[in-house]
$ cat upload.txt   # compact mmCIF, C-alpha atoms
# COMPACT_ATOMS: atom_id res chain seq x y z
CA MET A 1 14.89 -17.68 -2.68
CA MET A 2 13.93 -15.06 -0.10
CA ARG A 3 16.62 -12.76 1.23
CA VAL A 4 16.55 -10.45 4.26
CA GLN A 5 19.03 -7.59 4.61
CA ILE A 6 19.42 -5.10 7.45
CA ALA A 7 21.58 -1.98 7.25
CA PHE A 8 24.26 -2.44 9.92
CA ASN A 9 27.44 -0.50 10.57
CA LEU A 10 30.12 -3.20 10.41
CA ALA A 11 33.01 -1.12 11.71
CA ALA A 12 34.45 -2.40 14.97
CA ASN A 13 32.06 -1.21 17.68
CA GLY A 14 30.83 1.34 15.15
CA VAL A 15 27.57 2.94 16.22
CA GLY A 16 25.55 3.62 13.08
CA SER A 17 23.11 6.47 13.63
CA TYR A 18 19.53 5.54 12.87
CA PHE A 19 17.88 6.89 9.76
CA THR A 20 16.08 10.23 10.05
CA LEU A 21 15.03 11.55 6.69
CA ASP A 22 14.79 15.21 7.62
CA ASP A 23 18.19 15.44 9.30
CA SER A 24 20.85 17.07 7.09
CA VAL A 25 23.53 14.71 8.42
CA LYS A 26 21.75 11.46 9.29
CA GLY A 27 19.37 11.81 6.36
CA VAL A 28 21.98 11.83 3.60
CA LEU A 29 20.84 9.18 1.14
CA ASP A 30 23.28 6.81 -0.53
CA ASN A 31 22.28 5.90 -4.10
CA ALA A 32 18.63 6.79 -3.48
CA THR A 33 18.18 4.25 -0.69
CA TYR A 34 17.68 4.75 3.03
CA LEU A 35 21.33 3.96 3.81
CA ILE A 36 23.45 6.42 5.74
CA ALA A 37 27.20 6.80 5.97
CA GLY A 38 28.76 3.71 7.56
CA ASP A 39 25.75 1.45 7.10
CA VAL A 40 25.92 -1.59 4.84
CA LEU A 41 22.99 -3.76 3.79
CA THR A 42 23.95 -7.04 5.44
CA ASP A 43 22.46 -10.40 4.47
CA VAL A 44 21.02 -12.06 7.60
CA THR A 45 18.89 -14.64 5.75
CA SER A 46 20.66 -17.67 7.23
CA SER A 47 19.51 -16.65 10.71
CA VAL A 48 15.88 -15.94 9.80
CA ARG A 49 13.29 -18.50 10.93
CA SER A 50 10.20 -16.80 9.54
CA VAL A 51 9.14 -13.65 7.71
CA SER A 52 5.80 -11.90 7.49
CA VAL A 53 5.07 -8.83 5.38
CA LYS A 54 1.71 -7.08 5.20
CA ARG A 55 0.84 -4.09 3.03
CA GLY A 56 -2.45 -2.67 1.84
CA ARG A 57 -5.68 -0.82 2.39
CA SER A 58 -7.66 -0.80 5.62
CA ARG A 59 -11.29 -1.39 4.74
CA GLN A 60 -12.37 0.19 8.02
CA LEU A 61 -10.42 3.39 7.31
CA ASP A 62 -10.92 3.14 3.52
CA ARG A 63 -7.34 4.12 2.79
CA PHE A 64 -3.91 2.54 2.48
CA VAL A 65 -1.97 2.24 5.72
CA SER A 66 1.64 1.71 6.71
CA GLY A 67 3.12 -1.57 5.54
CA SER A 68 4.56 -3.76 8.28
CA SER A 69 7.00 -6.62 8.54
CA ASN A 70 7.93 -8.95 11.39
CA LEU A 71 10.86 -11.34 11.48
CA VAL A 72 11.81 -14.15 13.82
CA ILE A 73 15.62 -14.37 13.86
CA ASP A 74 17.70 -17.08 15.54
CA ASN A 75 19.64 -15.27 18.26
CA ARG A 76 21.25 -18.15 20.13
CA ASN A 77 24.68 -16.80 19.18
CA ARG A 78 23.60 -13.38 20.57
CA TYR A 79 24.68 -11.59 17.37
CA PHE A 80 21.48 -9.52 17.55
CA ASP A 81 21.79 -8.80 21.26
CA PRO A 82 22.45 -5.03 21.59
CA THR A 83 24.46 -5.64 24.79
CA ASN A 84 26.83 -8.20 23.26
CA THR A 85 30.13 -6.40 22.69
CA SER A 86 31.46 -9.39 20.74
CA SER A 87 28.72 -9.20 18.10
CA PRO A 88 29.78 -8.01 14.63
CA TYR A 89 26.69 -5.76 14.78
CA TYR A 90 27.40 -4.32 18.23
CA GLY A 91 26.34 -0.71 18.47
CA SER A 92 24.17 -1.05 15.38
CA VAL A 93 21.24 -3.11 16.68
CA VAL A 94 19.08 -0.03 17.18
CA PRO A 95 15.69 1.17 15.96
CA GLY A 96 15.53 2.92 12.60
CA LYS A 97 17.75 0.56 10.60
CA GLU A 98 16.71 0.04 7.00
CA ILE A 99 15.46 -3.43 6.13
CA THR A 100 14.87 -4.93 2.70
CA ILE A 101 13.17 -8.22 1.99
CA ASP A 102 13.31 -9.66 -1.50
CA ARG A 103 12.75 -12.87 -3.41
CA ASP A 104 14.82 -13.71 -6.46
CA GLY A 105 16.13 -10.14 -6.44
CA VAL A 106 12.65 -8.55 -6.52
CA ASN A 107 11.78 -6.40 -3.52
CA LEU A 108 8.84 -7.46 -1.36
CA TYR A 109 9.32 -4.80 1.31
CA VAL A 110 11.55 -1.83 2.09
CA GLY A 111 11.18 -0.19 5.49
CA ASN A 112 12.82 0.52 8.80
CA VAL A 113 13.02 -1.35 12.09
CA ALA A 114 10.73 0.34 14.61
CA ASP A 115 11.40 -1.99 17.56
CA TRP A 116 13.76 -4.81 18.44
CA ASN A 117 12.01 -7.40 20.60
CA PHE A 118 13.78 -10.35 22.20
CA GLU A 119 12.62 -13.69 23.57
CA TYR A 120 14.56 -16.24 25.60
CA ASP A 121 13.50 -19.58 27.09
CA LEU A 122 14.97 -21.84 29.75
CA ASN A 123 15.99 -24.46 27.19
CA GLY A 124 18.54 -22.11 25.65
CA ASP A 125 16.58 -20.87 22.65
CA ALA A 126 16.72 -17.17 21.88
CA THR A 127 15.18 -15.06 19.14
CA ALA A 128 15.30 -11.46 17.98
CA ILE A 129 12.01 -10.20 16.59
CA PRO A 130 12.36 -6.86 14.80
CA SER A 131 9.08 -5.10 14.04
CA CYS A 132 9.24 -2.86 10.97
CA THR A 133 7.28 -0.03 9.37
CA ASP A 134 7.53 1.69 5.99
CA GLY A 135 7.70 5.33 4.88
CA PHE A 136 4.16 6.10 6.04
CA ALA A 137 5.46 6.02 9.61
CA TYR A 138 7.75 8.93 8.72
CA MET A 139 5.02 10.87 6.89
CA ALA A 140 2.61 10.44 9.81
CA LYS A 141 5.02 12.39 12.02
CA GLN A 142 5.43 15.33 9.63
CA ILE A 143 3.49 18.56 10.08
CA LEU A 144 2.77 21.05 7.30
CA THR A 145 3.19 24.77 7.81
CA ALA A 146 0.43 27.18 6.88
CA GLY A 147 0.18 28.13 3.23
CA SER A 148 -1.97 28.11 0.13
CA ALA A 149 -1.62 26.16 -3.10
CA THR A 150 -2.57 26.99 -6.65
CA ALA A 151 -5.29 25.04 -8.43
CA GLN A 152 -3.55 21.93 -9.80
CA LEU A 153 -3.90 18.24 -10.55
CA THR A 154 -3.60 15.69 -7.76
CA GLY A 155 -0.16 14.46 -8.79
CA ALA A 156 1.35 17.94 -8.64
CA ARG A 157 -0.21 18.56 -5.22
CA ILE A 158 1.18 15.29 -3.85
CA ASP A 159 4.62 16.09 -5.24
CA GLY A 160 4.51 19.51 -3.60
CA VAL A 161 3.65 18.08 -0.19
CA LEU A 162 6.35 15.42 -0.45
CA THR A 163 8.89 18.14 -1.25
CA ALA A 164 7.68 20.16 1.73
CA ILE A 165 8.41 17.24 4.08
CA ASN A 166 11.81 16.54 2.46
CA TRP A 167 10.82 13.22 0.93
CA PRO A 168 13.52 12.44 -1.70
CA THR A 169 12.55 12.88 -5.33
CA ALA A 170 14.25 9.59 -6.21
CA GLN A 171 11.93 7.79 -3.78
CA ARG A 172 8.71 8.75 -5.61
CA SER A 173 6.44 7.30 -8.30
CA ILE A 174 3.67 9.85 -8.74
CA ALA A 175 1.04 9.76 -11.49
CA THR A 176 -0.21 12.99 -13.06
CA GLY A 177 -3.72 12.64 -11.69
CA GLN A 178 -7.14 13.28 -13.21
CA ALA A 179 -8.82 15.55 -10.64
CA THR A 180 -8.31 19.31 -10.48
CA LEU A 181 -7.92 20.50 -6.90
CA ASP A 182 -8.84 23.79 -5.36
CA GLY A 183 -6.05 26.20 -4.45
CA ASP A 184 -6.89 25.47 -0.83
CA TYR A 185 -5.32 26.90 2.29
CA VAL A 186 -3.52 24.46 4.58
CA THR A 187 -3.61 25.47 8.22
CA ASP A 188 -0.50 25.35 10.37
CA GLY A 189 -0.03 21.95 12.01
CA THR A 190 -1.87 19.90 9.36
CA ASN A 191 -0.70 16.29 9.40
CA ALA A 192 1.17 15.56 6.17
CA LEU A 193 0.04 11.96 5.73
CA ALA A 194 -3.62 12.78 6.42
CA TYR A 195 -3.51 15.55 3.82
CA LEU A 196 -1.79 13.34 1.24
CA GLN A 197 -4.48 10.70 1.72
CA LYS A 198 -7.21 13.34 1.44
CA VAL A 199 -5.74 14.31 -1.91
CA GLY A 200 -4.77 10.92 -3.34
CA ASP A 201 -7.27 8.46 -1.87
CA TYR A 202 -10.37 10.64 -1.59
CA SER A 203 -10.22 13.62 -3.94
CA GLU A 204 -8.99 11.68 -6.97
CA PRO A 205 -9.94 8.96 -5.88
CA GLY A 206 -6.79 6.95 -6.48
CA ALA A 207 -4.29 4.98 -4.41
CA PHE A 208 -1.51 6.57 -2.36
CA PHE A 209 0.82 4.07 -0.68
CA ILE A 210 4.42 2.97 -0.15
CA SER A 211 5.40 0.50 -2.87
CA LYS A 212 7.24 -2.77 -2.37
CA ASP A 213 10.39 -0.86 -3.40
CA GLY A 214 9.87 1.78 -0.71
CA LEU A 215 8.66 4.48 -3.11
CA ALA A 216 5.97 6.98 -2.21
CA THR A 217 3.50 5.92 -4.88
CA PHE A 218 0.36 7.52 -6.30
CA LYS A 219 -1.81 5.73 -8.85
CA ASP A 220 -4.57 7.90 -10.27
CA ARG A 221 -8.05 6.66 -11.04
CA ALA A 222 -7.27 6.11 -14.72
CA GLN A 223 -4.55 3.62 -13.75
CA LEU A 224 -6.86 1.87 -11.28
CA GLN A 225 -9.50 1.44 -14.00
CA ALA A 226 -7.10 -0.29 -16.40
CA TYR A 227 -6.56 -4.06 -16.51
CA THR A 228 -2.98 -3.96 -17.73
CA SER A 229 -1.31 -6.65 -15.62
CA GLY A 230 -2.63 -9.48 -17.78
CA ILE A 231 -2.34 -11.78 -14.76
CA SER A 232 -5.02 -14.42 -14.25
CA PHE A 233 -5.57 -16.83 -11.37
CA GLY A 234 -7.47 -20.10 -11.72
CA SER A 235 -7.18 -23.74 -12.72
CA SER A 236 -7.16 -23.38 -16.51
CA ASN A 237 -4.06 -23.56 -18.66
CA GLY A 238 -2.12 -20.33 -18.56
CA SER A 239 -3.57 -19.28 -15.19
CA ILE A 240 -1.72 -19.21 -11.88
CA PRO A 241 -3.16 -21.79 -9.44
CA TYR A 242 -4.17 -20.84 -5.92
CA VAL A 243 -4.35 -22.96 -2.77
CA ASP A 244 -7.02 -20.98 -0.93
CA PHE A 245 -9.94 -18.87 -2.09
CA ALA A 246 -12.68 -16.77 -0.46
CA VAL A 247 -15.61 -14.73 -1.75
CA VAL A 248 -17.97 -12.21 -0.15
CA TYR A 249 -21.47 -11.17 -1.02
CA GLY A 250 -22.84 -8.44 1.20
CA ILE A 251 -23.01 -4.79 2.12
CA GLU A 252 -19.41 -4.32 3.32
CA GLU A 253 -18.40 -2.05 0.45
CA MET A 254 -21.85 -0.75 -0.50
CA THR A 255 -22.83 2.92 -0.55
CA ASN A 256 -26.23 4.15 -1.70
CA ALA A 257 -26.14 7.67 -0.27
CA ILE A 258 -23.07 9.86 -0.38
CA GLU A 259 -22.03 13.42 0.38
CA VAL A 260 -18.87 14.81 -1.24
CA THR A 261 -17.55 18.14 0.00
CA TYR A 262 -15.46 20.57 -2.05
CA THR A 263 -13.50 23.61 -0.97
CA ALA A 264 -12.84 27.24 -1.76
CA GLY A 265 -9.63 28.44 -0.17
CA THR A 266 -10.04 28.29 3.58
CA VAL A 267 -13.56 26.89 3.79
CA THR A 268 -15.77 24.08 2.60
CA ALA A 269 -17.64 25.62 -0.30
CA GLY A 270 -20.43 23.09 -0.57
CA THR A 271 -21.55 19.50 -0.74
CA ALA A 272 -22.58 17.33 -3.67
CA VAL A 273 -25.17 14.65 -2.88
CA ALA A 274 -26.05 11.44 -4.72
CA SER A 275 -28.29 8.53 -3.75
CA ASP A 276 -30.02 5.43 -5.11
CA ALA A 277 -33.59 5.12 -3.86
CA THR A 278 -34.04 1.61 -5.24
CA SER A 279 -30.98 0.35 -3.38
CA GLN A 280 -32.09 2.09 -0.18
CA ALA A 281 -35.50 0.44 -0.35
CA LYS A 282 -33.87 -3.01 -0.54
CA TYR A 283 -30.91 -2.65 1.82
CA GLY A 284 -31.56 0.45 3.91
CA VAL A 285 -29.53 3.63 3.82
CA LEU A 286 -25.80 2.95 3.56
CA ASP A 287 -24.32 6.41 3.65
CA ALA A 288 -20.85 7.89 3.42
CA LYS A 289 -19.28 11.32 3.57
CA VAL A 290 -16.14 12.10 1.60
CA GLU A 291 -14.17 15.26 2.34
CA THR A 292 -12.10 16.40 -0.63
CA VAL A 293 -10.13 19.38 -1.85
CA LEU A 294 -11.85 19.38 -5.23
CA GLY A 295 -12.34 22.86 -6.64
CA SER A 296 -15.89 22.75 -8.03
CA LEU A 297 -19.40 21.44 -7.51
CA THR A 298 -19.24 19.85 -10.96
CA ASP A 299 -16.29 17.66 -10.03
CA ALA A 300 -17.70 16.80 -6.61
CA GLN A 301 -21.06 15.85 -8.14
CA ALA A 302 -19.38 13.65 -10.76
CA LEU A 303 -17.48 11.84 -8.01
CA ALA A 304 -20.63 11.36 -5.91
CA ASN A 305 -22.63 10.03 -8.86
CA TRP A 306 -19.86 7.63 -9.82
CA GLN A 307 -19.45 6.25 -6.31
CA VAL A 308 -23.16 5.51 -5.96
CA ALA A 309 -23.34 3.93 -9.42
CA LEU A 310 -20.40 1.69 -8.53
CA TYR A 311 -21.33 0.66 -5.00
CA SER A 312 -25.14 0.77 -4.68
CA GLU A 313 -25.64 -2.97 -5.26
CA PRO A 314 -23.92 -5.95 -3.59
CA GLN A 315 -21.42 -7.85 -5.70
CA TYR A 316 -20.54 -11.55 -5.57
CA ARG A 317 -16.87 -10.76 -5.34
CA VAL A 318 -13.57 -12.53 -4.88
CA ASP A 319 -12.28 -11.41 -1.48
CA SER A 320 -8.91 -13.16 -1.26
CA ILE A 321 -6.72 -15.86 -2.74
CA THR A 322 -3.55 -17.51 -1.50
CA VAL A 323 -0.79 -18.93 -3.70
CA ASN A 324 2.13 -21.14 -2.75
CA LEU A 325 5.16 -19.71 -4.55
CA ASP A 326 7.16 -22.90 -4.07
CA SER A 327 4.71 -24.86 -6.22
CA LEU A 328 4.80 -22.43 -9.18
CA THR A 329 6.97 -22.17 -12.27
CA ALA A 330 9.67 -19.51 -12.52
CA THR A 331 7.50 -17.52 -14.93
CA GLN A 332 4.51 -17.65 -12.58
CA ILE A 333 6.65 -16.61 -9.62
CA SER A 334 7.95 -13.66 -11.64
CA SER A 335 4.36 -12.61 -12.39
CA ILE A 336 3.37 -12.79 -8.72
CA LEU A 337 6.37 -10.76 -7.61
CA ALA A 338 5.56 -8.06 -10.17
CA VAL A 339 2.10 -7.40 -8.69
CA ASP A 340 1.68 -4.38 -6.45
CA LEU A 341 -1.15 -2.59 -4.69
CA GLY A 342 -3.83 -1.12 -6.95
CA ASP A 343 -3.18 -3.55 -9.80
CA ALA A 344 -6.15 -5.24 -11.48
CA VAL A 345 -5.99 -9.01 -11.96
CA SER A 346 -8.35 -11.70 -13.24
CA VAL A 347 -9.58 -14.47 -10.92
CA THR A 348 -11.72 -17.46 -11.93
CA PRO A 349 -13.55 -18.99 -8.93
CA PRO A 350 -13.29 -22.77 -8.43
CA ASN A 351 -17.09 -23.15 -8.66
CA GLY A 352 -17.09 -22.55 -12.41
CA SER A 353 -18.22 -18.93 -12.25
CA VAL A 354 -16.95 -16.54 -14.88
CA ALA A 355 -13.68 -14.74 -14.32
CA GLN A 356 -13.77 -11.55 -12.28
CA ILE A 357 -11.47 -8.57 -12.62
CA VAL A 358 -10.59 -7.39 -9.11
CA SER A 359 -8.22 -4.83 -7.63
CA ILE A 360 -5.36 -5.76 -5.30
CA ASP A 361 -6.11 -4.17 -1.93
CA GLY A 362 -3.59 -6.04 0.19
CA ILE A 363 -0.54 -8.27 -0.16
CA GLU A 364 0.68 -10.52 2.64
CA HIS A 365 3.76 -12.75 2.55
CA LYS A 366 4.30 -15.52 5.09
CA ALA A 367 7.54 -17.38 4.60
CA THR A 368 9.71 -19.96 6.34
CA PRO A 369 12.65 -21.92 4.93
CA GLN A 370 10.10 -24.61 3.97
CA GLU A 371 7.25 -22.59 2.42
CA HIS A 372 6.37 -19.19 0.98
CA LEU A 373 2.67 -18.26 0.87
CA VAL A 374 1.30 -15.05 -0.64
CA THR A 375 -2.24 -13.87 0.10
CA PHE A 376 -3.88 -11.20 -2.01
CA THR A 377 -6.84 -9.33 -0.54
CA MET A 378 -9.11 -7.92 -3.23
CA SER A 379 -11.96 -5.50 -3.80
CA GLU A 380 -14.31 -4.67 -6.62
CA THR A 381 -12.32 -3.28 -9.49
CA LEU A 382 -12.80 0.29 -10.63
CA ALA A 383 -12.38 -0.89 -14.22
CA ALA A 384 -14.94 0.98 -16.29
CA PHE A 385 -17.09 0.40 -19.36
CA ILE A 386 -15.02 -0.36 -22.45
CA LEU A 387 -16.81 -0.62 -25.77
CA ASP A 388 -16.71 -4.15 -27.30
CA SER A 389 -14.92 -5.61 -24.26
CA LEU A 390 -16.19 -9.05 -23.19
CA ILE A 391 -15.26 -8.15 -19.62
CA PHE A 392 -15.95 -4.42 -19.32
CA GLY A 393 -18.40 -3.89 -22.17
CA ILE A 394 -21.58 -5.25 -20.61
CA LEU A 395 -24.41 -2.72 -20.77
CA ASP A 396 -26.34 -2.13 -17.54
CA THR A 397 -23.55 -3.93 -15.68
CA ASN A 398 -20.37 -1.90 -16.07
CA VAL A 399 -20.47 1.75 -15.03
CA LEU A 400 -19.00 4.47 -17.17
CA GLY A 401 -15.45 5.50 -16.50
CA PHE A 402 -14.74 8.55 -14.35

$ encode --input "upload.txt" --output "structure tokens"
Amino acid sequence: MMRVQIAFNLAANGVGSYFTLDDSVKGVLDNATYLIAGDVLTDVTSSVRSVSVKRGRSRQLDRFVSGSSNLVIDNRNRYFDPTNTSSPYYGSVVPGKEITIDRDGVNLYVGNVADWNFEYDLNGDATAIPSCTDGFAYMAKQILTAGSATAQLTGARIDGVLTAINWPTAQRSIATGQATLDGDYVTDGTNALAYLQKVGDYSEPGAFFISKDGLATFKDRAQLQAYTSGISFGSSNGSIPYVDFAVVYGIEEMTNAIEVTYTAGTVTAGTAVASDATSQAKYGVLDAKVETVLGSLTDAQALANWQVALYSEPQYRVDSITVNLDSLTATQISSILAVDLGDAVSVTPPNGSVAQIVSIDGIEHKATPQEHLVTFTMSETLAAFILDSLIFGILDTNVLGF
């Protein structure tokens, strides 16, 4: 079953200060969670009418964005009314409270309440509607001070920036990385989240996001190119059935001309260019510019060549599927709950087409006491050519790994 917990201070009229990570008093972490002294994760599931959770990559921005959650909570007893002095949560219904949403003990979302919204009608109904954000909201407010870094792999650079903004070590899951970055100079006032995304999403390119457990997570490109989940969706035996399915076939994710910049200390040192004339003749010029902190023309050129090889032709691609958790077996539910952003999964379309390996771009949960639907948004996998593989070993179809 789904469970919703909010960190309230349950002392009589005890005002629990909201969470601020960089504050030496309010930011003291209890057992590597976002709890502060006096706050207790309190189960409010019985009052919840509906839950929505949405996490993933914005295709318009081409990067992962802050995960969000919205709840509709029965508030007819006014327990969640911040002015009700008789509420057991009085003084603690404030922005910033940690919230965790799980199913069967597996986290779906860990974040903080950004706003408490309230609705009342003339028939006596009343609801509290907390709107929540995850750790990206904190990172987006952090500013880096001027300084230079040494040449290093992407994982080490991300770790260094997280340390600079006081993000707890216990709240990280950072891969080593494959790309070597320039020892670039960060100017004073650089936005921390924008820089982290420049490193993790663009320079690698990998996936930098907040996990379902609330961890600052970086998956490097080697991880994104590996089909290790073993999860398959479809109608055959052993596959997880879906209740909705959509495909796309178009230019949305195509690129046939790309410029990739690289740096040298304080300046952009140069630009690597790659293009596909055949693709341009058929579909027009679909260009992109990627600004990185890579340290050499060789690395920038390899990235440009790879991107064009991967995205110069349209793909008949699974775009999204929806599963109904309440119609699945316990084993299938466990598999679904284990999936996170950046994972590669197999999907067999209902029209009899061959299975496709796609990457999880977005995860959305919509749940009520009667039903729990999960929608996965997907994009073309980065999985590369693997010798003798029936899936990734097709010459002239699969691109070489990068």

$ closest_residue --input "upload.txt" --among "A:Phe64, A:Tyr202, A:Tyr242, A:Trp306" --to "Gly362 (chain A)" --atoms "all atoms listed in the file"
A:Phe64

$ atom_distance --input "upload.txt" --atom1 "CA of Thr381 (chain A)" --atom2 "CA of Phe233 (chain A)"
15.3 Å

$ closest_atom_pairs --input "upload.txt" --of "region 283-390 of chain A" --to "region 67-78 of chain A" --cutoff "10 Å" --atoms "all atoms listed in the file" --output "Markdown table"
| residue | atom | partner | partner_atom | distance |
| --- | --- | --- | --- | --- |
| A:Gly362 | CA | A:Gly67 | CA | 9.7 |
| A:Ile363 | CA | A:Gly67 | CA | 9.5 |
| A:Glu364 | CA | A:Ser69 | CA | 9.5 |
| A:His365 | CA | A:Ser69 | CA | 9.2 |
| A:Lys366 | CA | A:Asn70 | CA | 9.8 |
| A:Ala367 | CA | A:Leu71 | CA | 9.7 |
| A:Thr368 | CA | A:Val72 | CA | 9.7 |

$ write_last_selection --input "upload.txt" --atoms "C-alpha atoms" --output "PDB file, in the coordinates of the input"
ATOM      1  CA  GLY A 362      -3.590  -6.040   0.190  1.00  0.00           C
ATOM      2  CA  ILE A 363      -0.540  -8.270  -0.160  1.00  0.00           C
ATOM      3  CA  GLU A 364       0.680 -10.520   2.640  1.00  0.00           C
ATOM      4  CA  HIS A 365       3.760 -12.750   2.550  1.00  0.00           C
ATOM      5  CA  LYS A 366       4.300 -15.520   5.090  1.00  0.00           C
ATOM      6  CA  ALA A 367       7.540 -17.380   4.600  1.00  0.00           C
ATOM      7  CA  THR A 368       9.710 -19.960   6.340  1.00  0.00           C
TER       8      THR A 368
END

$ residues_around --input "upload.txt" --residues "Ala309 (chain A)" --least-positions-apart "3" --cutoff "9 Å" --atoms "all atoms listed in the file" --output "list of chain:residue names"
A:Thr255, A:Asn256, A:Ser275, A:Asp276, A:Ala304, A:Asn305, A:Trp306, A:Ser312, A:Glu313, A:Val399, A:Leu400

$ atom_distance --input "upload.txt" --atom1 "CA of Val94 (chain A)" --atom2 "CA of Pro130 (chain A)"
9.9 Å

$ residues_around --input "upload.txt" --residues "Thr190 (chain A)" --least-positions-apart "4" --cutoff "10 Å" --atoms "all atoms listed in the file" --output "list in words"
Gln142, Ile143, Leu144, Thr145, Ala146, Val186, Ala194 and Tyr195 of chain A

$ closest_residue --input "upload.txt" --among "A:Val161, A:Gly250, A:Gly265, A:Met1" --to "Glu371 (chain A)" --atoms "all atoms listed in the file"
A:Met1

$ residues_around --input "upload.txt" --residues "region 103-106 of chain A" --least-positions-apart "2" --cutoff "7 Å" --atoms "all atoms listed in the file" --output "list in words"
Met1, Met2, Arg3, Leu108 and Leu337 of chain A

$ closest_atom_pairs --input "upload.txt" --of "region 240-270 of chain A" --to "region 284-287 of chain A" --cutoff "10 Å" --atoms "all atoms listed in the file" --output "tab-separated table"
residue	atom	partner	partner_atom	distance
A:Ile251	CA	A:Leu286	CA	8.4
A:Glu252	CA	A:Leu286	CA	9.7
A:Glu253	CA	A:Leu286	CA	9.5
A:Met254	CA	A:Leu286	CA	6.8
A:Thr255	CA	A:Leu286	CA	5.1
A:Asn256	CA	A:Leu286	CA	5.4
A:Ala257	CA	A:Asp287	CA	4.5
A:Ile258	CA	A:Asp287	CA	5.5
A:Glu259	CA	A:Asp287	CA	8.1

$ atom_distance --input "upload.txt" --atom1 "CA of Val354 (chain A)" --atom2 "CA of Tyr311 (chain A)"
20.3 Å

$ closest_residue --input "upload.txt" --among "A:Asp326, A:Gln171, A:Ile6, A:Gln225" --to "Val48 (chain A)" --atoms "all atoms listed in the file"
A:Ile6

$ closest_residue --input "upload.txt" --among "A:Phe209, A:Tyr316, A:Tyr262, A:Tyr283" --to "Val248 (chain A)" --atoms "all atoms listed in the file"
A:Tyr316

$ build_atoms --input "upload.txt" --residues "region 304-316 of chain A" --atoms "N, CA and C atoms" --output "PDB file, in the coordinates of the input"
ATOM      1  N   ALA A 304     -19.527  11.934  -6.691  1.00  0.00           N
ATOM      2  CA  ALA A 304     -20.630  11.360  -5.910  1.00  0.00           C
ATOM      3  C   ALA A 304     -21.476  10.426  -6.768  1.00  0.00           C
ATOM      4  N   ASN A 305     -21.809  10.870  -7.976  1.00  0.00           N
ATOM      5  CA  ASN A 305     -22.630  10.030  -8.860  1.00  0.00           C
ATOM      6  C   ASN A 305     -21.930   8.727  -9.206  1.00  0.00           C
ATOM      7  N   TRP A 306     -20.635   8.813  -9.458  1.00  0.00           N
ATOM      8  CA  TRP A 306     -19.860   7.630  -9.820  1.00  0.00           C
ATOM      9  C   TRP A 306     -19.787   6.632  -8.680  1.00  0.00           C
ATOM     10  N   GLN A 307     -19.564   7.138  -7.464  1.00  0.00           N
ATOM     11  CA  GLN A 307     -19.450   6.250  -6.310  1.00  0.00           C
ATOM     12  C   GLN A 307     -20.750   5.496  -6.066  1.00  0.00           C
ATOM     13  N   VAL A 308     -21.881   6.181  -6.182  1.00  0.00           N
ATOM     14  CA  VAL A 308     -23.160   5.510  -5.960  1.00  0.00           C
ATOM     15  C   VAL A 308     -23.442   4.504  -7.074  1.00  0.00           C
ATOM     16  N   ALA A 309     -23.133   4.867  -8.315  1.00  0.00           N
ATOM     17  CA  ALA A 309     -23.340   3.930  -9.420  1.00  0.00           C
ATOM     18  C   ALA A 309     -22.509   2.675  -9.253  1.00  0.00           C
ATOM     19  N   LEU A 310     -21.329   2.816  -8.670  1.00  0.00           N
ATOM     20  CA  LEU A 310     -20.400   1.690  -8.530  1.00  0.00           C
ATOM     21  C   LEU A 310     -20.729   0.803  -7.346  1.00  0.00           C
ATOM     22  N   TYR A 311     -21.231   1.403  -6.252  1.00  0.00           N
ATOM     23  CA  TYR A 311     -21.330   0.660  -5.000  1.00  0.00           C
ATOM     24  C   TYR A 311     -22.747   0.535  -4.434  1.00  0.00           C
ATOM     25  N   SER A 312     -23.786   0.796  -5.219  1.00  0.00           N
ATOM     26  CA  SER A 312     -25.140   0.770  -4.680  1.00  0.00           C
ATOM     27  C   SER A 312     -25.750  -0.637  -4.620  1.00  0.00           C
ATOM     28  N   GLU A 313     -25.131  -1.610  -5.274  1.00  0.00           N
ATOM     29  CA  GLU A 313     -25.640  -2.970  -5.260  1.00  0.00           C
ATOM     30  C   GLU A 313     -24.547  -3.926  -4.772  1.00  0.00           C
ATOM     31  N   PRO A 314     -24.928  -4.988  -4.036  1.00  0.00           N
ATOM     32  CA  PRO A 314     -23.920  -5.950  -3.590  1.00  0.00           C
ATOM     33  C   PRO A 314     -23.346  -6.720  -4.768  1.00  0.00           C
ATOM     34  N   GLN A 315     -22.104  -7.109  -4.642  1.00  0.00           N
ATOM     35  CA  GLN A 315     -21.420  -7.850  -5.700  1.00  0.00           C
ATOM     36  C   GLN A 315     -20.919  -9.179  -5.142  1.00  0.00           C
ATOM     37  N   TYR A 316     -21.149 -10.255  -5.907  1.00  0.00           N
ATOM     38  CA  TYR A 316     -20.540 -11.550  -5.570  1.00  0.00           C
ATOM     39  C   TYR A 316     -19.086 -11.437  -5.995  1.00  0.00           C
TER      40      TYR A 316
END
